[in-house]
$ cat target-v1.cif   # mmCIF, N, CA and C atoms and all ligand atoms
data_model
loop_
_atom_site.label_atom_id
_atom_site.label_comp_id
_atom_site.auth_asym_id
_atom_site.auth_seq_id
_atom_site.Cartn_x
_atom_site.Cartn_y
_atom_site.Cartn_z
N MET A 19 6.97 -1.73 14.78
CA MET A 19 6.86 -0.89 13.61
C MET A 19 7.83 0.27 13.75
N THR A 20 8.44 0.65 12.65
CA THR A 20 9.51 1.64 12.76
C THR A 20 9.13 3.02 12.24
N LYS A 21 8.26 3.07 11.22
CA LYS A 21 7.84 4.37 10.68
C LYS A 21 6.69 4.15 9.70
N ILE A 22 6.07 5.25 9.28
CA ILE A 22 5.13 5.16 8.17
C ILE A 22 5.98 5.00 6.92
N GLU A 23 5.77 3.91 6.18
CA GLU A 23 6.57 3.65 4.98
C GLU A 23 6.01 4.45 3.80
N HIS A 24 4.69 4.39 3.65
CA HIS A 24 4.05 5.21 2.61
C HIS A 24 2.57 5.35 2.89
N ILE A 25 1.95 6.26 2.15
CA ILE A 25 0.50 6.41 2.17
C ILE A 25 0.01 6.07 0.78
N GLY A 26 -0.98 5.18 0.70
CA GLY A 26 -1.52 4.74 -0.59
C GLY A 26 -2.77 5.54 -0.95
N ILE A 27 -2.82 6.03 -2.18
CA ILE A 27 -3.94 6.84 -2.64
C ILE A 27 -4.55 6.20 -3.88
N ALA A 28 -5.84 5.91 -3.81
CA ALA A 28 -6.55 5.29 -4.94
C ALA A 28 -6.92 6.38 -5.95
N VAL A 29 -6.55 6.14 -7.21
CA VAL A 29 -6.85 7.13 -8.26
C VAL A 29 -7.49 6.42 -9.45
N LYS A 30 -8.25 7.19 -10.23
CA LYS A 30 -8.89 6.60 -11.41
C LYS A 30 -7.90 6.40 -12.54
N GLU A 31 -7.03 7.38 -12.73
CA GLU A 31 -6.08 7.34 -13.84
C GLU A 31 -4.72 7.77 -13.37
N ILE A 32 -3.80 6.85 -13.37
CA ILE A 32 -2.48 7.14 -12.82
C ILE A 32 -1.74 8.20 -13.65
N ALA A 33 -1.97 8.22 -14.95
CA ALA A 33 -1.28 9.21 -15.79
C ALA A 33 -1.64 10.63 -15.36
N ALA A 34 -2.92 10.84 -15.13
CA ALA A 34 -3.39 12.17 -14.71
C ALA A 34 -2.91 12.48 -13.29
N ALA A 35 -3.00 11.48 -12.41
CA ALA A 35 -2.62 11.69 -11.01
C ALA A 35 -1.11 11.93 -10.88
N ASP A 36 -0.32 11.24 -11.70
CA ASP A 36 1.13 11.45 -11.71
C ASP A 36 1.48 12.92 -11.96
N LYS A 37 0.76 13.52 -12.92
CA LYS A 37 1.03 14.92 -13.26
C LYS A 37 0.73 15.82 -12.07
N ILE A 38 -0.41 15.59 -11.45
CA ILE A 38 -0.81 16.43 -10.31
C ILE A 38 0.15 16.26 -9.14
N TYR A 39 0.50 15.01 -8.83
CA TYR A 39 1.38 14.78 -7.67
C TYR A 39 2.81 15.22 -7.95
N SER A 40 3.24 15.16 -9.22
CA SER A 40 4.56 15.70 -9.57
C SER A 40 4.60 17.20 -9.31
N LYS A 41 3.51 17.87 -9.69
CA LYS A 41 3.41 19.32 -9.45
C LYS A 41 3.35 19.61 -7.97
N LEU A 42 2.53 18.85 -7.26
CA LEU A 42 2.33 19.07 -5.82
C LEU A 42 3.63 18.88 -5.05
N LEU A 43 4.33 17.78 -5.33
CA LEU A 43 5.50 17.42 -4.52
C LEU A 43 6.80 17.99 -5.07
N GLY A 44 6.78 18.40 -6.33
CA GLY A 44 7.98 18.97 -6.93
C GLY A 44 9.00 17.92 -7.36
N VAL A 45 8.57 16.66 -7.44
CA VAL A 45 9.45 15.59 -7.95
C VAL A 45 8.63 14.66 -8.85
N ASP A 46 9.33 13.97 -9.75
CA ASP A 46 8.67 12.98 -10.58
C ASP A 46 8.63 11.65 -9.84
N PRO A 47 7.70 10.76 -10.20
CA PRO A 47 7.68 9.43 -9.57
C PRO A 47 9.00 8.71 -9.85
N TYR A 48 9.47 7.94 -8.86
CA TYR A 48 10.74 7.23 -9.08
C TYR A 48 10.52 5.83 -9.62
N LYS A 49 9.28 5.40 -9.60
CA LYS A 49 9.04 4.04 -10.07
C LYS A 49 7.57 3.85 -10.41
N GLN A 50 7.30 3.08 -11.46
CA GLN A 50 5.95 2.65 -11.75
C GLN A 50 5.99 1.13 -11.85
N GLU A 51 5.03 0.48 -11.24
CA GLU A 51 5.10 -0.96 -11.17
C GLU A 51 3.70 -1.55 -11.14
N GLU A 52 3.50 -2.63 -11.92
CA GLU A 52 2.21 -3.31 -11.88
C GLU A 52 2.30 -4.49 -10.93
N VAL A 53 1.28 -4.63 -10.08
CA VAL A 53 1.19 -5.83 -9.24
C VAL A 53 -0.01 -6.61 -9.76
N ALA A 54 0.28 -7.57 -10.63
CA ALA A 54 -0.78 -8.29 -11.35
C ALA A 54 -1.69 -9.04 -10.40
N SER A 55 -1.12 -9.62 -9.33
CA SER A 55 -1.93 -10.41 -8.39
C SER A 55 -3.00 -9.56 -7.71
N GLU A 56 -2.74 -8.25 -7.56
CA GLU A 56 -3.71 -7.35 -6.91
C GLU A 56 -4.54 -6.57 -7.93
N GLY A 57 -4.18 -6.68 -9.19
CA GLY A 57 -4.88 -5.91 -10.22
C GLY A 57 -4.66 -4.42 -10.09
N VAL A 58 -3.42 -4.04 -9.76
CA VAL A 58 -3.14 -2.60 -9.64
C VAL A 58 -1.87 -2.18 -10.37
N LEU A 59 -1.92 -0.94 -10.82
CA LEU A 59 -0.74 -0.27 -11.33
C LEU A 59 -0.37 0.77 -10.28
N THR A 60 0.90 0.80 -9.88
CA THR A 60 1.30 1.73 -8.82
C THR A 60 2.35 2.70 -9.35
N SER A 61 2.41 3.84 -8.68
CA SER A 61 3.40 4.85 -9.00
C SER A 61 3.89 5.40 -7.67
N PHE A 62 5.22 5.50 -7.51
CA PHE A 62 5.78 5.91 -6.22
C PHE A 62 6.52 7.24 -6.29
N PHE A 63 6.26 8.08 -5.30
CA PHE A 63 6.96 9.35 -5.13
C PHE A 63 7.70 9.31 -3.80
N LYS A 64 8.83 9.98 -3.75
CA LYS A 64 9.59 10.05 -2.50
C LYS A 64 9.98 11.49 -2.23
N ILE A 65 9.66 11.96 -1.03
CA ILE A 65 10.16 13.26 -0.58
C ILE A 65 10.75 13.05 0.81
N GLY A 66 12.03 13.30 0.95
CA GLY A 66 12.69 13.00 2.22
C GLY A 66 12.55 11.52 2.50
N ASP A 67 12.04 11.21 3.70
CA ASP A 67 11.86 9.82 4.10
C ASP A 67 10.46 9.31 3.78
N SER A 68 9.63 10.16 3.21
CA SER A 68 8.21 9.83 3.05
C SER A 68 7.90 9.44 1.62
N LYS A 69 7.02 8.45 1.51
CA LYS A 69 6.62 8.01 0.17
C LYS A 69 5.10 8.08 0.01
N ILE A 70 4.72 8.34 -1.23
CA ILE A 70 3.30 8.32 -1.61
C ILE A 70 3.18 7.27 -2.72
N GLU A 71 2.19 6.41 -2.59
CA GLU A 71 1.93 5.38 -3.60
C GLU A 71 0.58 5.68 -4.24
N LEU A 72 0.57 5.91 -5.54
CA LEU A 72 -0.69 6.07 -6.25
C LEU A 72 -1.10 4.70 -6.78
N LEU A 73 -2.38 4.38 -6.72
CA LEU A 73 -2.86 3.07 -7.15
C LEU A 73 -4.02 3.20 -8.13
N GLU A 74 -3.86 2.60 -9.28
CA GLU A 74 -4.94 2.56 -10.27
C GLU A 74 -5.33 1.10 -10.50
N ALA A 75 -6.62 0.83 -10.61
CA ALA A 75 -7.09 -0.53 -10.88
C ALA A 75 -6.78 -0.93 -12.31
N THR A 76 -6.34 -2.17 -12.50
CA THR A 76 -6.12 -2.67 -13.86
C THR A 76 -7.21 -3.67 -14.27
N ARG A 77 -8.06 -4.03 -13.33
CA ARG A 77 -9.19 -4.91 -13.64
C ARG A 77 -10.41 -4.45 -12.86
N GLU A 78 -11.58 -4.89 -13.32
CA GLU A 78 -12.82 -4.49 -12.65
C GLU A 78 -12.94 -5.08 -11.25
N ASP A 79 -12.34 -6.28 -11.04
CA ASP A 79 -12.47 -6.91 -9.72
C ASP A 79 -11.29 -6.56 -8.81
N SER A 80 -10.52 -5.57 -9.20
CA SER A 80 -9.41 -5.13 -8.35
C SER A 80 -9.96 -4.46 -7.09
N PRO A 81 -9.29 -4.66 -5.95
CA PRO A 81 -9.74 -3.99 -4.72
C PRO A 81 -9.79 -2.46 -4.89
N ILE A 82 -8.93 -1.93 -5.75
CA ILE A 82 -8.93 -0.47 -5.96
C ILE A 82 -10.17 -0.03 -6.73
N ALA A 83 -10.61 -0.84 -7.71
CA ALA A 83 -11.83 -0.51 -8.44
C ALA A 83 -13.03 -0.51 -7.49
N LYS A 84 -13.07 -1.49 -6.60
CA LYS A 84 -14.17 -1.57 -5.64
C LYS A 84 -14.15 -0.40 -4.66
N PHE A 85 -12.95 -0.05 -4.22
CA PHE A 85 -12.80 1.06 -3.29
C PHE A 85 -13.32 2.36 -3.92
N ILE A 86 -12.90 2.63 -5.18
CA ILE A 86 -13.29 3.88 -5.84
C ILE A 86 -14.80 3.90 -6.11
N GLU A 87 -15.34 2.73 -6.45
CA GLU A 87 -16.78 2.65 -6.67
C GLU A 87 -17.56 3.03 -5.40
N LYS A 88 -17.07 2.55 -4.26
CA LYS A 88 -17.75 2.80 -2.98
C LYS A 88 -17.48 4.19 -2.44
N LYS A 89 -16.21 4.59 -2.46
CA LYS A 89 -15.82 5.80 -1.72
C LYS A 89 -15.27 6.91 -2.58
N GLY A 90 -15.00 6.62 -3.85
CA GLY A 90 -14.36 7.63 -4.70
C GLY A 90 -12.86 7.63 -4.50
N GLU A 91 -12.18 8.50 -5.22
CA GLU A 91 -10.72 8.57 -5.10
C GLU A 91 -10.35 9.08 -3.70
N GLY A 92 -9.16 8.74 -3.27
CA GLY A 92 -8.70 9.27 -1.97
C GLY A 92 -7.76 8.33 -1.28
N ILE A 93 -7.47 8.64 -0.01
CA ILE A 93 -6.52 7.83 0.76
C ILE A 93 -7.08 6.42 0.91
N HIS A 94 -6.29 5.44 0.53
CA HIS A 94 -6.72 4.04 0.53
C HIS A 94 -6.13 3.26 1.70
N HIS A 95 -4.84 3.48 1.99
CA HIS A 95 -4.23 2.78 3.12
C HIS A 95 -3.01 3.52 3.67
N ILE A 96 -2.64 3.15 4.87
CA ILE A 96 -1.39 3.65 5.47
C ILE A 96 -0.50 2.43 5.66
N ALA A 97 0.73 2.53 5.19
CA ALA A 97 1.66 1.40 5.30
C ALA A 97 2.74 1.70 6.33
N PHE A 98 2.97 0.74 7.21
CA PHE A 98 4.01 0.85 8.22
C PHE A 98 5.15 -0.09 7.89
N ASP A 99 6.34 0.41 8.08
CA ASP A 99 7.54 -0.38 7.87
C ASP A 99 7.76 -1.28 9.08
N VAL A 100 8.04 -2.56 8.84
CA VAL A 100 8.35 -3.48 9.94
C VAL A 100 9.63 -4.24 9.60
N GLU A 101 10.33 -4.65 10.66
CA GLU A 101 11.59 -5.37 10.41
C GLU A 101 11.37 -6.85 10.20
N ASP A 102 10.37 -7.39 10.92
CA ASP A 102 10.09 -8.83 10.81
C ASP A 102 8.59 -9.01 10.66
N ILE A 103 8.15 -9.14 9.42
CA ILE A 103 6.70 -9.14 9.15
C ILE A 103 6.01 -10.35 9.79
N HIS A 104 6.68 -11.50 9.83
CA HIS A 104 6.05 -12.68 10.45
C HIS A 104 5.82 -12.44 11.94
N ALA A 105 6.80 -11.86 12.60
CA ALA A 105 6.67 -11.59 14.03
C ALA A 105 5.56 -10.56 14.28
N GLU A 106 5.48 -9.53 13.44
CA GLU A 106 4.43 -8.50 13.60
C GLU A 106 3.05 -9.11 13.36
N MET A 107 2.95 -9.98 12.35
CA MET A 107 1.66 -10.62 12.07
C MET A 107 1.22 -11.48 13.26
N ASP A 108 2.15 -12.21 13.83
CA ASP A 108 1.82 -13.04 15.01
C ASP A 108 1.38 -12.16 16.17
N ARG A 109 2.11 -11.07 16.38
CA ARG A 109 1.81 -10.16 17.48
C ARG A 109 0.41 -9.57 17.31
N LEU A 110 0.11 -9.09 16.09
CA LEU A 110 -1.18 -8.43 15.86
C LEU A 110 -2.34 -9.42 15.90
N ARG A 111 -2.10 -10.62 15.39
CA ARG A 111 -3.13 -11.68 15.46
C ARG A 111 -3.45 -11.96 16.93
N ALA A 112 -2.41 -12.07 17.74
CA ALA A 112 -2.60 -12.34 19.17
C ALA A 112 -3.35 -11.20 19.85
N GLU A 113 -3.20 -9.98 19.33
CA GLU A 113 -3.89 -8.81 19.89
C GLU A 113 -5.33 -8.69 19.39
N GLY A 114 -5.72 -9.61 18.47
CA GLY A 114 -7.10 -9.63 18.00
C GLY A 114 -7.37 -8.89 16.70
N PHE A 115 -6.32 -8.43 16.03
CA PHE A 115 -6.52 -7.76 14.74
C PHE A 115 -6.87 -8.80 13.66
N VAL A 116 -7.70 -8.37 12.71
CA VAL A 116 -8.07 -9.26 11.61
C VAL A 116 -7.12 -9.03 10.44
N LEU A 117 -6.31 -10.04 10.15
CA LEU A 117 -5.36 -9.93 9.05
C LEU A 117 -6.02 -10.42 7.76
N LEU A 118 -5.78 -9.70 6.68
CA LEU A 118 -6.39 -10.07 5.40
C LEU A 118 -5.55 -11.08 4.63
N ASN A 119 -4.33 -11.32 5.09
CA ASN A 119 -3.48 -12.31 4.43
C ASN A 119 -2.96 -13.28 5.46
N GLU A 120 -3.08 -14.57 5.14
CA GLU A 120 -2.57 -15.61 6.04
C GLU A 120 -1.05 -15.56 6.10
N GLN A 121 -0.47 -15.34 4.92
CA GLN A 121 0.99 -15.28 4.77
C GLN A 121 1.34 -13.96 4.11
N PRO A 122 2.53 -13.42 4.39
CA PRO A 122 2.94 -12.21 3.67
C PRO A 122 3.01 -12.50 2.18
N LYS A 123 2.72 -11.49 1.37
CA LYS A 123 2.85 -11.70 -0.07
C LYS A 123 3.73 -10.61 -0.66
N ARG A 124 4.13 -10.83 -1.90
CA ARG A 124 5.01 -9.85 -2.56
C ARG A 124 4.19 -8.67 -3.04
N GLY A 125 4.54 -7.47 -2.55
CA GLY A 125 3.85 -6.27 -2.99
C GLY A 125 4.74 -5.47 -3.92
N ALA A 126 4.35 -4.23 -4.17
CA ALA A 126 5.14 -3.35 -5.04
C ALA A 126 6.38 -2.86 -4.29
N ASP A 127 7.33 -2.34 -5.02
CA ASP A 127 8.49 -1.65 -4.46
C ASP A 127 9.36 -2.58 -3.60
N ASN A 128 9.48 -3.83 -4.03
CA ASN A 128 10.37 -4.76 -3.35
C ASN A 128 10.04 -5.00 -1.88
N LYS A 129 8.74 -5.28 -1.62
CA LYS A 129 8.31 -5.44 -0.24
C LYS A 129 7.51 -6.73 -0.06
N LEU A 130 7.64 -7.30 1.14
CA LEU A 130 6.70 -8.31 1.60
C LEU A 130 5.61 -7.57 2.34
N VAL A 131 4.35 -7.87 2.04
CA VAL A 131 3.27 -7.09 2.65
C VAL A 131 2.18 -7.97 3.23
N CYS A 132 1.44 -7.37 4.16
CA CYS A 132 0.25 -8.00 4.73
C CYS A 132 -0.71 -6.87 5.08
N PHE A 133 -1.99 -7.07 4.79
CA PHE A 133 -2.98 -6.03 5.09
C PHE A 133 -3.80 -6.41 6.32
N ILE A 134 -4.22 -5.37 7.05
CA ILE A 134 -5.06 -5.55 8.23
C ILE A 134 -6.41 -4.92 7.93
N HIS A 135 -7.47 -5.64 8.25
CA HIS A 135 -8.82 -5.19 7.91
C HIS A 135 -9.13 -3.83 8.55
N PRO A 136 -9.76 -2.92 7.77
CA PRO A 136 -10.09 -1.60 8.31
C PRO A 136 -10.97 -1.66 9.56
N LYS A 137 -11.77 -2.72 9.68
CA LYS A 137 -12.65 -2.79 10.86
C LYS A 137 -11.84 -2.99 12.14
N SER A 138 -10.60 -3.44 11.99
CA SER A 138 -9.72 -3.61 13.15
C SER A 138 -9.03 -2.31 13.54
N ALA A 139 -9.09 -1.30 12.68
CA ALA A 139 -8.30 -0.08 12.93
C ALA A 139 -9.12 1.18 12.66
N HIS A 140 -10.36 1.16 13.16
CA HIS A 140 -11.22 2.35 13.08
C HIS A 140 -11.35 2.90 11.66
N GLY A 141 -11.55 1.97 10.73
CA GLY A 141 -11.87 2.40 9.37
C GLY A 141 -10.67 2.62 8.46
N VAL A 142 -9.47 2.35 8.96
CA VAL A 142 -8.28 2.56 8.12
C VAL A 142 -7.66 1.22 7.72
N LEU A 143 -7.50 1.02 6.42
CA LEU A 143 -6.79 -0.16 5.94
C LEU A 143 -5.30 0.03 6.23
N ILE A 144 -4.71 -0.94 6.92
CA ILE A 144 -3.30 -0.85 7.31
C ILE A 144 -2.51 -1.88 6.52
N GLU A 145 -1.35 -1.48 6.03
CA GLU A 145 -0.44 -2.39 5.34
C GLU A 145 0.84 -2.48 6.17
N LEU A 146 1.28 -3.70 6.40
CA LEU A 146 2.61 -3.89 6.99
C LEU A 146 3.55 -4.14 5.83
N CYS A 147 4.73 -3.55 5.84
CA CYS A 147 5.66 -3.92 4.78
C CYS A 147 7.09 -4.04 5.27
N GLN A 148 7.70 -5.09 4.79
CA GLN A 148 9.09 -5.40 5.13
C GLN A 148 9.88 -5.41 3.84
N GLU A 149 10.97 -4.69 3.83
CA GLU A 149 11.81 -4.65 2.64
C GLU A 149 12.41 -6.04 2.39
N ILE A 150 12.40 -6.46 1.12
CA ILE A 150 13.02 -7.73 0.76
C ILE A 150 14.51 -7.47 0.50
N LYS A 151 15.34 -8.11 1.31
CA LYS A 151 16.78 -7.94 1.12
C LYS A 151 17.32 -9.13 0.38
N GLU A 152 17.90 -8.88 -0.80
CA GLU A 152 18.38 -10.02 -1.60
C GLU A 152 19.86 -9.91 -1.88
ZN ZN A 201 0.93 0.31 -0.17
#
$ encode --input "target-v1.cif" --output "structure tokens"
Amino acid sequence: MTKIEHIGIAVKEIAAADKIYSKLLGVDPYKQEEVASEGVLTSFFKIGDSKIELLEATREDSPIAKFIEKKGEGIHHIAFDVEDIHAEMDRLRAEGFVLLNEQPKRGADNKLVCFIHPKSAHGVLIELCQEIKE
């Protein structure tokens, strides 16, 4: 793993959260993107090398809707940048981590992603992400 790629924050309404985070960070989001397979609408901010991803549920069965129902709005996951997601998945599986995806899938912001169960990481949902180079 090379760095924290972004921190994901679950929000009820991305329009409202965008305004607050624009004020907080002093920049506007650089991208808004829907990931239909996950039932989420995302919004990305960048300051220096750090990114914040806001996530709003687009369906009732979205993982974000379930998260907010259980825990309320707040930090949802920490994403780490990896150079070779398949190799990292193999390494972590061998170390006993519970991976939530058998294969990497396409996430927001031009990334291949895989999630690791929070029970494997002391209550924190971890996302691995590898930039898709085309
Ligand atoms: Zn993320």
$ residues_near_ligand --input "target-v1.cif" --ligand "ligand ZN 201 (chain A)" --cutoff "6.5 Å" --atoms "all atoms listed in the file" --output "count of residues only"
8
$ select_by_dssp --input "target-v1.cif" --residues "chain A" --states "strand (DSSP E)" --output "VMD selection string"
chain A and resid 21 to 28 49 to 53 58 to 65 68 to 75 92 to 99 123 to 125 129 to 134 143 to 149
$ residues_around --input "target-v1.cif" --residues "stretch 55-68 of chain A" --least-positions-apart "3" --cutoff "6.5 Å" --atoms "all atoms listed in the file" --output "MDAnalysis selection string"
chainID A and resid 23:24 46:52 71:77 80:81
$ closest_residue --input "target-v1.cif" --among "A:Ala139, A:Ala35, A:Ile144, A:Val100" --to "A:Met19" --atoms "all atoms listed in the file"
A:Val100
$ residues_around --input "target-v1.cif" --residues "A:Leu110" --least-positions-apart "2" --cutoff "12 Å" --atoms "only C-alpha atoms" --output "PyMOL selection string"
chain A and resi 19+103-108+112-118+132-135+138-139+144+146
$ write_last_selection --input "target-v1.cif" --atoms "N, CA and C atoms" --output "CSV table (one decimal), in the coordinates of the input"
chain,number,residue,atom,x,y,z
A,19,MET,N,7.0,-1.7,14.8
A,19,MET,CA,6.9,-0.9,13.6
A,19,MET,C,7.8,0.3,13.8
A,103,ILE,N,8.2,-9.1,9.4
A,103,ILE,CA,6.7,-9.1,9.2
A,103,ILE,C,6.0,-10.4,9.8
A,104,HIS,N,6.7,-11.5,9.8
A,104,HIS,CA,6.0,-12.7,10.4
A,104,HIS,C,5.8,-12.4,11.9
A,105,ALA,N,6.8,-11.9,12.6
A,105,ALA,CA,6.7,-11.6,14.0
A,105,ALA,C,5.6,-10.6,14.3
A,106,GLU,N,5.5,-9.5,13.4
A,106,GLU,CA,4.4,-8.5,13.6
A,106,GLU,C,3.0,-9.1,13.4
A,107,MET,N,3.0,-10.0,12.4
A,107,MET,CA,1.7,-10.6,12.1
A,107,MET,C,1.2,-11.5,13.3
A,108,ASP,N,2.2,-12.2,13.8
A,108,ASP,CA,1.8,-13.0,15.0
A,108,ASP,C,1.4,-12.2,16.2
A,112,ALA,N,-2.4,-12.1,17.7
A,112,ALA,CA,-2.6,-12.3,19.2
A,112,ALA,C,-3.4,-11.2,19.8
A,113,GLU,N,-3.2,-10.0,19.3
A,113,GLU,CA,-3.9,-8.8,19.9
A,113,GLU,C,-5.3,-8.7,19.4
A,114,GLY,N,-5.7,-9.6,18.5
A,114,GLY,CA,-7.1,-9.6,18.0
A,114,GLY,C,-7.4,-8.9,16.7
A,115,PHE,N,-6.3,-8.4,16.0
A,115,PHE,CA,-6.5,-7.8,14.7
A,115,PHE,C,-6.9,-8.8,13.7
A,116,VAL,N,-7.7,-8.4,12.7
A,116,VAL,CA,-8.1,-9.3,11.6
A,116,VAL,C,-7.1,-9.0,10.4
A,117,LEU,N,-6.3,-10.0,10.2
A,117,LEU,CA,-5.4,-9.9,9.0
A,117,LEU,C,-6.0,-10.4,7.8
A,118,LEU,N,-5.8,-9.7,6.7
A,118,LEU,CA,-6.4,-10.1,5.4
A,118,LEU,C,-5.6,-11.1,4.6
A,132,CYS,N,1.4,-7.4,4.2
A,132,CYS,CA,0.2,-8.0,4.7
A,132,CYS,C,-0.7,-6.9,5.1
A,133,PHE,N,-2.0,-7.1,4.8
A,133,PHE,CA,-3.0,-6.0,5.1
A,133,PHE,C,-3.8,-6.4,6.3
A,134,ILE,N,-4.2,-5.4,7.0
A,134,ILE,CA,-5.1,-5.6,8.2
A,134,ILE,C,-6.4,-4.9,7.9
A,135,HIS,N,-7.5,-5.6,8.2
A,135,HIS,CA,-8.8,-5.2,7.9
A,135,HIS,C,-9.1,-3.8,8.6
A,138,SER,N,-10.6,-3.4,12.0
A,138,SER,CA,-9.7,-3.6,13.2
A,138,SER,C,-9.0,-2.3,13.5
A,139,ALA,N,-9.1,-1.3,12.7
A,139,ALA,CA,-8.3,-0.1,12.9
A,139,ALA,C,-9.1,1.2,12.7
A,144,ILE,N,-4.7,-0.9,6.9
A,144,ILE,CA,-3.3,-0.8,7.3
A,144,ILE,C,-2.5,-1.9,6.5
A,146,LEU,N,1.3,-3.7,6.4
A,146,LEU,CA,2.6,-3.9,7.0
A,146,LEU,C,3.6,-4.1,5.8
$ closest_residue --input "target-v1.cif" --among "A:Glu31, A:Glu78, A:Glu87, A:Glu149" --to "A:Lys129" --atoms "only N, CA and C atoms"
A:Glu149
$ atom_distance --input "target-v1.cif" --atom1 "atom N of A:Gly125" --atom2 "atom N of A:Lys69"
16.6 Å
$ axis_aligned_box --input "target-v1.cif" --around "stretch 45-57 of chain A" --padding-each-side "6 Å" --output "JSON"
{"center_x": 2.9, "center_y": 3.1, "center_z": -9.4, "size_x": 27.6, "size_y": 39.1, "size_z": 17.0}
$ atom_distance --input "target-v1.cif" --atom1 "atom N of A:Ala83" --atom2 "atom N of A:Asp99"
23.2 Å
$ select_by_dssp --input "target-v1.cif" --residues "stretch 59-144 of chain A" --states "alpha helix (DSSP H)" --output "PyMOL selection string"
chain A and resi 81-89+103-112
$ atom_distance --input "target-v1.cif" --atom1 "atom CA of A:His140" --atom2 "atom C of A:Phe98"
17.3 Å
$ closest_residue --input "target-v1.cif" --among "A:Arg109, A:Lys30, A:Lys37, A:Lys123" --to "A:Glu91" --atoms "only N, CA and C atoms"
A:Lys30
$ closest_residue --input "target-v1.cif" --among "A:Gly44, A:Asp102, A:Lys84, A:Asn128" --to "A:Glu152" --atoms "only C-alpha atoms"
A:Asn128
